[in-house]
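A.B. asks: Input entry-v1.csv, format and content: CSV, C-alpha atoms.
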```
chain,number,residue,atom,x,y,z
A,68,GLY,CA,10.0,7.3,-9.5
A,69,LEU,CA,7.0,5.4,-8.2
A,70,ALA,CA,3.5,6.7,-8.0
A,71,GLU,CA,2.4,4.1,-5.4
A,72,ARG,CA,3.8,1.3,-3.3
A,73,PRO,CA,4.6,-1.8,-5.4
A,74,LYS,CA,2.4,-4.8,-4.8
A,75,ARG,CA,4.3,-7.7,-6.4
A,76,LEU,CA,6.9,-9.5,-4.2
A,77,ALA,CA,9.6,-9.1,-6.8
A,78,GLU,CA,9.0,-5.4,-7.1
A,79,LEU,CA,9.1,-4.9,-3.3
A,80,GLN,CA,12.3,-6.9,-3.1
A,81,ALA,CA,13.9,-4.9,-5.9
A,82,MET,CA,13.0,-1.6,-4.2
A,83,ALA,CA,14.5,-2.9,-0.9
A,84,ALA,CA,17.7,-3.7,-2.7
A,85,ILE,CA,17.8,-0.2,-4.2
A,86,GLY,CA,17.2,1.4,-0.9
A,87,GLN,CA,19.8,-0.5,1.1
A,88,PRO,CA,22.9,1.4,0.0
A,89,HIS,CA,21.1,4.7,0.6
A,90,LEU,CA,20.2,3.7,4.1
A,91,MET,CA,23.7,2.6,4.9
A,92,ARG,CA,25.1,5.9,3.5
A,93,TYR,CA,23.2,7.7,6.2
A,94,TYR,CA,24.5,5.4,8.9
A,95,ASP,CA,28.1,5.7,7.5
A,96,GLU,CA,28.0,9.5,7.5
A,97,PHE,CA,26.7,9.6,11.1
A,98,PHE,CA,29.2,7.2,12.5
A,99,SER,CA,32.1,8.5,10.5
A,100,ALA,CA,31.7,11.8,12.3
A,101,LEU,CA,32.3,9.8,15.5
A,102,ARG,CA,35.2,7.9,13.9
A,103,GLN,CA,33.3,4.7,14.6
A,104,PRO,CA,33.6,1.9,12.1
A,105,ILE,CA,30.3,0.1,11.2
A,106,ALA,CA,29.3,-3.0,9.2
A,107,GLN,CA,26.1,-4.0,7.5
A,108,VAL,CA,24.6,-7.3,8.5
A,109,LEU,CA,21.5,-8.6,6.6
A,110,LEU,CA,19.7,-11.4,8.4
A,111,SER,CA,16.9,-13.7,7.1
A,112,ALA,CA,14.6,-15.8,9.2
A,113,ASP,CA,15.5,-19.0,7.3
A,114,ALA,CA,19.2,-18.5,8.0
A,115,LEU,CA,18.5,-18.7,11.7
A,116,ASP,CA,16.1,-21.6,11.9
A,117,SER,CA,18.8,-24.2,12.4
A,118,ARG,CA,21.5,-24.5,15.1
A,119,SER,CA,24.3,-24.2,12.5
A,120,GLY,CA,22.8,-21.0,10.9
A,121,TYR,CA,22.2,-19.5,14.3
A,122,ARG,CA,25.8,-20.1,15.3
A,123,ASN,CA,27.2,-18.8,12.1
A,124,ALA,CA,25.3,-15.5,12.6
A,125,GLN,CA,26.4,-15.4,16.2
A,126,ALA,CA,30.1,-15.9,15.2
A,127,THR,CA,30.0,-13.1,12.7
A,128,LEU,CA,28.4,-10.6,15.2
A,129,ASP,CA,30.8,-11.6,17.9
A,130,GLU,CA,33.8,-11.1,15.6
A,131,LEU,CA,32.6,-7.6,14.6
A,132,LEU,CA,32.1,-6.6,18.2
A,133,ARG,CA,35.5,-8.0,19.1
A,134,ARG,CA,37.1,-5.7,16.5
A,135,GLY,CA,35.2,-2.7,17.8
A,136,VAL,CA,32.9,-2.5,14.8
A,137,ILE,CA,29.2,-1.7,15.3
A,138,PRO,CA,26.9,-4.0,13.3
A,139,VAL,CA,23.9,-2.3,11.6
A,140,VAL,CA,21.4,-5.1,11.4
A,141,ASN,CA,18.4,-5.3,9.1
A,142,GLU,CA,16.2,-7.9,7.6
A,143,ASN,CA,17.3,-9.1,4.2
A,144,ASP,CA,14.2,-7.8,2.5
A,145,SER,CA,15.6,-8.2,-1.0
A,146,VAL,CA,15.4,-12.0,-0.7
A,147,ALA,CA,13.0,-12.7,2.2
A,148,ILE,CA,9.5,-14.1,1.4
A,149,SER,CA,6.5,-13.3,3.4
A,150,GLU,CA,6.3,-16.8,5.0
A,151,LEU,CA,9.9,-16.6,6.2
A,152,ARG,CA,10.2,-13.1,7.7
A,153,PHE,CA,10.9,-11.9,11.2
A,154,GLY,CA,7.8,-9.7,10.6
A,155,ASP,CA,8.9,-6.6,12.5
A,156,ASN,CA,12.0,-4.9,13.8
A,157,ASP,CA,11.2,-5.5,17.4
A,158,THR,CA,11.4,-9.2,17.0
A,159,LEU,CA,14.6,-8.9,14.9
A,160,SER,CA,16.2,-6.7,17.6
A,161,ALA,CA,15.3,-9.2,20.3
A,162,LEU,CA,16.9,-12.0,18.3
A,163,VAL,CA,20.0,-9.9,17.8
A,164,ALA,CA,20.1,-9.2,21.6
A,165,VAL,CA,20.0,-12.9,22.2
A,166,LEU,CA,22.7,-13.6,19.5
A,167,VAL,CA,25.2,-11.2,21.0
A,168,GLY,CA,24.4,-12.0,24.7
A,169,ALA,CA,23.3,-8.5,25.5
A,170,SER,CA,22.3,-7.5,29.0
A,171,HIS,CA,19.6,-5.0,27.8
A,172,LEU,CA,17.3,-4.6,24.8
A,173,PHE,CA,15.9,-1.0,24.2
A,174,LEU,CA,12.7,-0.7,22.2
A,175,ALA,CA,11.8,2.9,21.2
A,176,THR,CA,8.2,3.8,20.6
A,177,ASP,CA,5.7,6.7,20.7
A,178,VAL,CA,5.0,6.5,24.4
A,179,ASP,CA,7.6,6.9,27.2
A,180,ALA,CA,6.5,3.7,29.0
A,181,LEU,CA,3.7,1.2,29.5
A,182,TYR,CA,0.7,2.7,31.3
A,183,THR,CA,-2.1,1.5,33.5
A,184,ALA,CA,-4.5,2.8,30.9
A,185,ASN,CA,-4.4,4.4,27.5
A,186,PRO,CA,-2.3,7.6,28.0
A,187,HIS,CA,-3.7,9.1,24.7
A,188,VAL,CA,-7.3,9.1,25.9
A,189,ALA,CA,-8.9,10.9,28.8
A,190,PRO,CA,-10.1,8.5,31.5
A,191,PRO,CA,-13.8,7.8,31.9
A,192,PRO,CA,-15.5,9.7,34.7
A,193,GLY,CA,-14.5,8.4,38.1
A,194,GLN,CA,-11.4,6.6,36.8
A,195,PRO,CA,-7.8,7.6,37.7
A,196,PRO,CA,-5.5,9.0,35.0
A,197,ALA,CA,-3.1,6.7,33.3
A,198,GLU,CA,0.1,6.1,35.4
A,199,PRO,CA,3.4,4.8,34.0
A,200,ILE,CA,4.4,1.2,34.8
A,201,ARG,CA,8.1,1.2,35.6
A,202,GLU,CA,8.7,-2.6,36.0
A,203,VAL,CA,7.1,-5.7,34.6
A,204,ALA,CA,8.1,-9.0,36.2
A,205,ASP,CA,5.9,-11.4,34.2
A,206,VAL,CA,6.1,-10.5,30.5
A,207,CYS,CA,3.8,-13.4,29.6
A,208,GLU,CA,1.0,-12.0,31.7
A,209,ALA,CA,1.6,-8.6,30.3
A,210,LEU,CA,1.5,-9.9,26.7
A,211,ALA,CA,-1.8,-11.7,27.3
A,212,ARG,CA,-3.3,-8.5,28.6
A,213,ALA,CA,-2.0,-6.6,25.6
A,214,GLU,CA,-3.3,-9.1,23.1
A,215,GLU,CA,-6.7,-9.0,24.8
A,216,ALA,CA,-6.7,-5.2,24.6
A,217,ALA,CA,-5.7,-5.3,21.0
A,218,ALA,CA,-8.4,-7.8,20.2
A,219,GLY,CA,-10.9,-5.5,21.9
A,220,GLY,CA,-9.8,-2.4,20.0
A,221,GLY,CA,-7.6,-0.9,22.7
A,222,GLY,CA,-10.1,1.7,23.9
A,223,SER,CA,-9.8,4.0,26.8
A,224,GLY,CA,-10.2,1.1,29.2
A,225,SER,CA,-7.3,-0.7,27.7
A,226,ALA,CA,-4.4,-1.2,30.1
A,227,TRP,CA,-1.8,-1.0,27.3
A,228,GLY,CA,-3.0,1.7,24.9
A,229,THR,CA,-1.5,1.3,21.4
A,230,GLY,CA,-1.6,-1.9,19.4
A,231,GLY,CA,2.2,-1.8,18.8
A,232,ILE,CA,2.8,-2.6,22.4
A,233,ALA,CA,1.8,-6.3,21.9
A,234,THR,CA,4.5,-6.6,19.2
A,235,LYS,CA,7.1,-5.1,21.6
A,236,LEU,CA,6.0,-7.5,24.4
A,237,ARG,CA,6.4,-10.5,22.1
A,238,ALA,CA,9.9,-9.4,21.4
A,239,ALA,CA,10.5,-8.8,25.2
A,240,ARG,CA,9.3,-12.4,25.9
A,241,LEU,CA,12.0,-13.8,23.6
A,242,ALA,CA,14.6,-11.6,25.2
A,243,ALA,CA,13.4,-12.5,28.7
A,244,ALA,CA,13.7,-16.2,28.0
A,245,ALA,CA,17.4,-15.6,27.2
A,246,GLY,CA,18.0,-13.5,30.4
A,247,VAL,CA,17.9,-10.1,28.6
A,248,THR,CA,16.2,-7.1,30.3
A,249,THR,CA,14.0,-5.1,27.9
A,250,VAL,CA,13.3,-1.4,28.2
A,251,ILE,CA,10.4,0.2,26.4
A,252,HIS,CA,11.0,4.0,26.2
A,253,SER,CA,10.2,7.0,24.1
A,254,ALA,CA,12.0,7.5,20.8
A,255,GLN,CA,12.0,11.3,21.7
A,256,GLU,CA,14.3,10.7,24.7
A,257,PRO,CA,17.9,10.3,23.3
A,258,GLY,CA,19.3,10.1,26.8
A,259,ALA,CA,17.1,7.2,27.8
A,260,VAL,CA,19.6,4.4,27.1
A,261,ALA,CA,22.4,6.1,29.1
A,262,ALA,CA,20.0,6.9,31.9
A,263,VAL,CA,18.9,3.3,32.3
A,264,LEU,CA,22.4,1.9,32.1
A,265,GLY,CA,23.4,4.5,34.7
A,266,GLY,CA,20.8,3.1,37.1
A,267,ALA,CA,17.8,5.4,36.6
A,268,CYS,CA,14.5,3.7,37.6
A,269,ASP,CA,12.1,6.4,36.3
A,270,VAL,CA,12.8,6.0,32.6
A,271,GLY,CA,10.6,3.8,30.5
A,272,THR,CA,9.3,0.4,31.5
A,273,ARG,CA,11.8,-2.3,32.4
A,274,ILE,CA,10.7,-5.9,31.6
A,275,LEU,CA,12.6,-8.3,33.7
A,276,PRO,CA,14.2,-11.5,32.4
A,277,GLN,CA,12.9,-14.9,33.4
A,278,PRO,CA,14.3,-16.1,36.8
A,279,SER,CA,16.0,-19.1,35.0
A,280,SER,CA,17.1,-18.2,31.4
A,281,VAL,CA,17.3,-20.5,28.5
A,282,ALA,CA,20.7,-22.3,28.4
A,283,SER,CA,23.0,-21.0,25.6
A,284,HIS,CA,22.9,-24.3,23.6
A,285,LYS,CA,19.1,-23.9,23.4
A,286,ARG,CA,18.8,-20.3,22.4
A,287,TRP,CA,18.7,-20.9,18.7
A,288,LEU,CA,15.2,-22.2,19.2
A,289,LEU,CA,14.1,-18.7,20.0
A,290,ALA,CA,14.9,-17.7,16.4
A,291,LEU,CA,12.2,-19.8,14.7
A,292,PRO,CA,10.4,-18.0,11.8
A,293,PRO,CA,6.6,-17.6,12.1
A,294,ALA,CA,5.9,-20.2,9.4
A,295,SER,CA,7.4,-23.0,11.6
A,296,GLY,CA,5.3,-26.1,12.2
A,297,THR,CA,3.1,-26.1,15.3
A,298,LEU,CA,1.8,-28.6,17.8
A,299,THR,CA,-1.3,-27.8,19.8
A,300,LEU,CA,-1.5,-29.5,23.2
A,301,ASP,CA,-4.3,-30.4,25.6
A,302,ALA,CA,-4.4,-29.0,29.1
A,303,GLY,CA,-2.8,-32.1,30.6
A,304,ALA,CA,0.2,-32.0,28.3
A,305,CYS,CA,0.7,-28.3,29.0
A,306,LYS,CA,0.9,-29.0,32.7
A,307,ALA,CA,3.3,-31.8,32.1
A,308,LEU,CA,5.6,-29.6,30.1
A,309,ALA,CA,5.4,-26.9,32.8
A,310,ARG,CA,6.7,-29.6,35.3
A,311,GLY,CA,9.7,-30.3,33.1
A,312,ASN,CA,8.5,-33.5,31.4
A,313,SER,CA,9.0,-34.6,27.8
A,314,LEU,CA,6.3,-34.3,25.2
A,315,PHE,CA,4.4,-37.4,24.1
A,316,PHE,CA,1.9,-38.0,21.3
A,317,ALA,CA,-1.0,-38.5,23.8
A,318,GLY,CA,-1.0,-34.8,24.6
A,319,VAL,CA,-1.2,-33.5,21.1
A,320,SER,CA,-4.6,-32.4,19.8
A,321,ALA,CA,-3.6,-30.7,16.5
A,322,VAL,CA,-0.7,-30.5,14.0
A,323,THR,CA,-0.3,-27.6,11.5
A,324,HIS,CA,2.3,-26.7,8.9
A,325,PRO,CA,4.6,-29.4,7.5
A,326,PHE,CA,7.8,-30.2,9.3
A,327,CYS,CA,10.4,-33.0,9.4
A,328,GLU,CA,12.1,-35.1,12.0
A,329,ARG,CA,14.6,-33.1,14.1
A,330,ASP,CA,13.0,-29.8,13.0
A,331,ALA,CA,12.2,-27.2,15.6
A,332,VAL,CA,8.5,-26.4,16.1
A,333,ARG,CA,6.2,-24.1,18.1
A,334,VAL,CA,4.2,-25.6,20.9
A,335,LEU,CA,0.8,-24.0,21.6
A,336,ASP,CA,-1.9,-24.4,24.2
A,337,SER,CA,-5.5,-24.9,23.4
A,338,ALA,CA,-6.1,-21.2,23.2
A,339,GLY,CA,-3.4,-20.8,20.5
A,340,ARG,CA,-0.9,-19.1,22.9
A,341,GLU,CA,2.7,-20.1,22.3
A,342,LEU,CA,4.0,-22.2,25.3
A,343,ALA,CA,7.3,-23.5,24.1
A,344,ARG,CA,9.7,-24.4,21.3
A,345,ALA,CA,10.8,-28.0,20.8
A,346,VAL,CA,13.0,-30.1,18.5
A,347,VAL,CA,10.8,-33.1,17.5
A,348,ASN,CA,11.7,-36.7,16.9
A,349,TYR,CA,9.0,-37.2,14.2
A,350,GLY,CA,7.8,-35.4,11.2
A,351,SER,CA,4.4,-33.7,10.8
A,352,GLU,CA,2.8,-36.7,9.0
A,353,ALA,CA,3.7,-39.1,11.8
A,354,CYS,CA,2.6,-36.5,14.4
A,355,ALA,CA,-0.8,-36.1,12.7
A,356,ALA,CA,-1.3,-39.9,12.5
A,357,LEU,CA,-0.3,-40.5,16.2
A,358,ALA,CA,-1.8,-37.4,17.8
A,359,GLY,CA,-3.7,-38.3,20.9
A,360,ARG,CA,-2.4,-41.9,20.9
A,361,GLN,CA,-0.1,-43.8,23.2
A,362,SER,CA,3.6,-44.4,22.6
A,363,ARG,CA,3.1,-48.1,22.4
A,364,GLU,CA,1.1,-47.6,19.2
A,365,ILE,CA,4.1,-46.0,17.4
A,366,PHE,CA,5.2,-49.3,15.8
A,367,ASP,CA,1.7,-50.3,14.7
A,368,GLU,CA,1.3,-47.0,12.9
A,369,LEU,CA,4.8,-46.3,11.5
A,370,LYS,CA,6.1,-50.0,11.2
A,371,TYR,CA,9.3,-49.1,13.0
A,372,HIS,CA,10.5,-48.6,16.6
A,373,GLY,CA,11.1,-44.9,17.4
A,374,PRO,CA,11.6,-42.9,20.6
A,375,ASP,CA,8.6,-42.9,23.0
A,376,GLU,CA,8.9,-39.1,23.3
A,377,LEU,CA,7.7,-36.8,20.5
A,378,ALA,CA,10.2,-34.3,22.0
A,379,HIS,CA,12.6,-34.9,24.8
A,380,ARG,CA,12.8,-32.4,27.7
A,381,ARG,CA,16.4,-31.6,26.8
A,382,ASN,CA,15.1,-30.3,23.5
A,383,ILE,CA,12.3,-28.1,24.8
A,384,VAL,CA,12.4,-24.4,25.7
A,385,LEU,CA,9.5,-23.0,27.7
A,386,LEU,CA,8.6,-19.3,27.0
A,387,THR,CA,6.6,-18.9,30.2
A,388,ALA,CA,8.3,-17.4,33.3
A,389,ALA,CA,6.5,-19.7,35.8
A,390,ALA,CA,7.5,-22.9,34.1
A,391,GLY,CA,10.8,-21.9,32.5
A,392,GLU,CA,13.0,-23.0,35.4
A,393,ALA,CA,11.9,-26.6,35.0
A,394,VAL,CA,13.1,-27.2,31.5
A,395,ASN,CA,15.3,-24.3,30.2
A,396,GLY,CA,18.6,-25.6,31.6
```
Starting from the file, lay out its structure as structure tokens.

C.D. replies:
Amino acid sequence: GLAERPKRLAELQAMAAIGQPHLMRYYDEFFSALRQPIAQVLLSADALDSRSGYRNAQATLDELLRRGVIPVVNENDSVAISELRFGDNDTLSALVAVLVGASHLFLATDVDALYTANPHVAPPPGQPPAEPIREVADVCEALARAEEAAAGGGGSGSAWGTGGIATKLRAARLAAAAGVTTVIHSAQEPGAVAAVLGGACDVGTRILPQPSSVASHKRWLLALPPASGTLTLDAGACKALARGNSLFFAGVSAVTHPFCERDAVRVLDSAGRELARAVVNYGSEACAALAGRQSREIFDELKYHGPDELAHRRNIVLLTAAAGEAVNG
């Protein structure tokens, strides 16, 4: 027995390993009553951060579903380290939805929908009560509002109420980029999934996919772990990416976390918002040395001739709905 939660990583991982068979026993008992076979699938972020790893996981899930077996997916907590974790079950579920080509992702929470104001707090005098939002067309705009509300404490004037909503909207953004509709609904409504799939429009909040989803051969980029390298761009480079152009050194203002040539990295705007994912032609040291410089200076700095582009448009995935159509094909 434990008197308190362990603090050391090895202790936490050992407890996760001990708990896994107990968790699966509950699932097995439940599904056995329905005569439904299940399988345990433990994923780790570093197993999905390459095209080959992504495809291997995809093939396993596809084969299980082909055989009529329901995969019970969890993060492999017994070996994952903090720098290489999905971070939350919402993100993990979004990645699984992308992996299997799902049409819908259902995220259960403590509220039955997104609201125009915090549904747990009485509105200020003169303000209307909170109303449910049944459909969100632009998840990036919604996420920006949720993050702003969370940074401000999410008080009664907050449009999104609880802090966990931002996490769910980040997951929904990943799903939307791959053409998946996300539904945020109450965990206390067991019939919500069937109702939505049956055409109900008054259950939860539907977050619509991007008009142009990420091509299947690019979707592995959506599975990058949080510790991936990052490139911060100036305003001009962000606009160029939105128009469907390649990424050049001249538009890079900062480089963080080490990465290698042909690695996939996160692309941020000057405010730190994630704009895109990209496979780069140069490692972090070269990027730092050439940030803000012209392509003609590549040879002078590196002493070899490399591609003019830091990342070609074919290897870039935009996460914003407005610009996604330009480069996600």

A.B. asks: Quick one: residues within 6 Å of segment 163-179 of chain A, only C-alpha atoms counted, chain neighbours fewer than 4 positions away excluded, as a list of chain:residue names?

C.D. replies: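 Surrounding residues, per the criterion: A:Gln125, A:Val247, A:Thr248, A:Thr249, A:Val250, A:Ile251, A:His252, A:Ser253, A:Ala254, A:Gly271.
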
A.B. asks: When you count all atoms listed in the file, which of these residues is closest to Gly120 of chain A: A:Trp287, A:Gly359, A:Gly258, A:Ala378?

C.D. replies: A:Trp287

A.B. asks: Mind giving me the straight-line distance from atom CA of Leu115 of chain A to atom CA of Leu289 of chain A in Å, one decimal?

C.D. replies: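 Atom CA of Leu289 of chain A lies 9.4 Å from atom CA of Leu115 of chain A.
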
A.B. asks: Ranking A:Leu132, A:Leu210, A:Cys327, A:Leu109 by minimum distance to Leu159 of chain A and counting only C-alpha atoms, which one comes first?

C.D. replies: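 Once distances to Leu159 of chain A are computed over only C-alpha atoms, the minimum belongs to A:Leu109.
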
A.B. asks: Pick out the closest residue to Ala184 of chain A from this set: A:Leu342, A:Ala358, A:Leu162, A:Arg212. Count only C-alpha atoms.

C.D. replies: A:Arg212

A.B. asks: Expressed in Å to a single decimal, how great is the separation between atom CA of Pro325 of chain A and atom CA of Glu78 of chain A?

C.D. replies: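 Pair atom CA of Pro325 of chain A / atom CA of Glu78 of chain A returns 28.4 Å.
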
A.B. asks: Just give me the residues with any atom within 10 Å of (9.9, -36.1, 12.0), file coordinates, counting only C-alpha atoms, written as a VMD selection string.

C.D. replies: chain A and resid 325 to 331 346 to 354 377

A.B. asks: What is the distance, in Å and to one decimal place, between atom CA of Leu128 of chain A and atom CA of Gln107 of chain A?

C.D. replies: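 Atom-to-atom, atom CA of Leu128 of chain A and atom CA of Gln107 of chain A are spaced 10.4 Å apart.
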
A.B. asks: Can you list, as a list of chain:residue names, every protein, DNA or RNA residue that comes within 7 Å of Ala161 of chain A when you count all atoms listed in the file, leaving out same-chain residues fewer than 4 positions away?

C.D. replies: A:Asp157, A:Val165, A:Leu172, A:Ala238, A:Ala239, A:Leu241, A:Ala242

A.B. asks: Take the point (-1.2, -34.5, 22.0) as written in the file and pick out every residue within 12 Å of it, counting only C-alpha atoms; give the list as a VMD selection string.

C.D. replies: chain A and resid 297 to 305 307 to 308 313 to 322 334 to 337 354 to 362 376 to 378

A.B. asks: So, counting only C-alpha atoms, which residue among A:Asp144, A:Glu214, A:Glu256, A:Glu202 is closest to Leu79 of chain A?

C.D. replies: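 Smallest distance to Leu79 of chain A is found for A:Asp144.
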
A.B. asks: Go through A:Val146, A:Ala204, A:Val136, A:Ala213 one by one, measure the shortest atom-to-atom distance of each to Tyr182 of chain A using all atoms listed in the file, and give the residue with the smallest value.

C.D. replies: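 Looking at the shortest contact to Tyr182 of chain A, the residue is A:Ala213.
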
A.B. asks: Can you work out which one of A:Ala309, A:Ala282, A:Ala209, A:Val260 has the shortest atom-to-atom distance to Ala244 of chain A, counting all atoms listed in the file?

C.D. replies: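 Answer, going by the shortest atom-to-atom distance: A:Ala282.
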
A.B. asks: Can you tell me which residues surround Val332 of chain A at a distance of at most 6 Å, considering all atoms listed in the file, apart from same-chain residues fewer than 2 positions away, and format the answer as a list of chain:residue names?

C.D. replies: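 Contacts, in chain order: A:Ser295, A:Gly296, A:Thr297, A:Arg344, A:Ala345.
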
A.B. asks: Can you pull out the residues contacting His284 of chain A? Cut-off 12 Å, using only C-alpha atoms, and skip same-chain residues under 5 positions away; I want them as number ranges by chain.

C.D. replies: A: 117-119, 121-122, 165-166, 245, 289, 381-384, 395-396
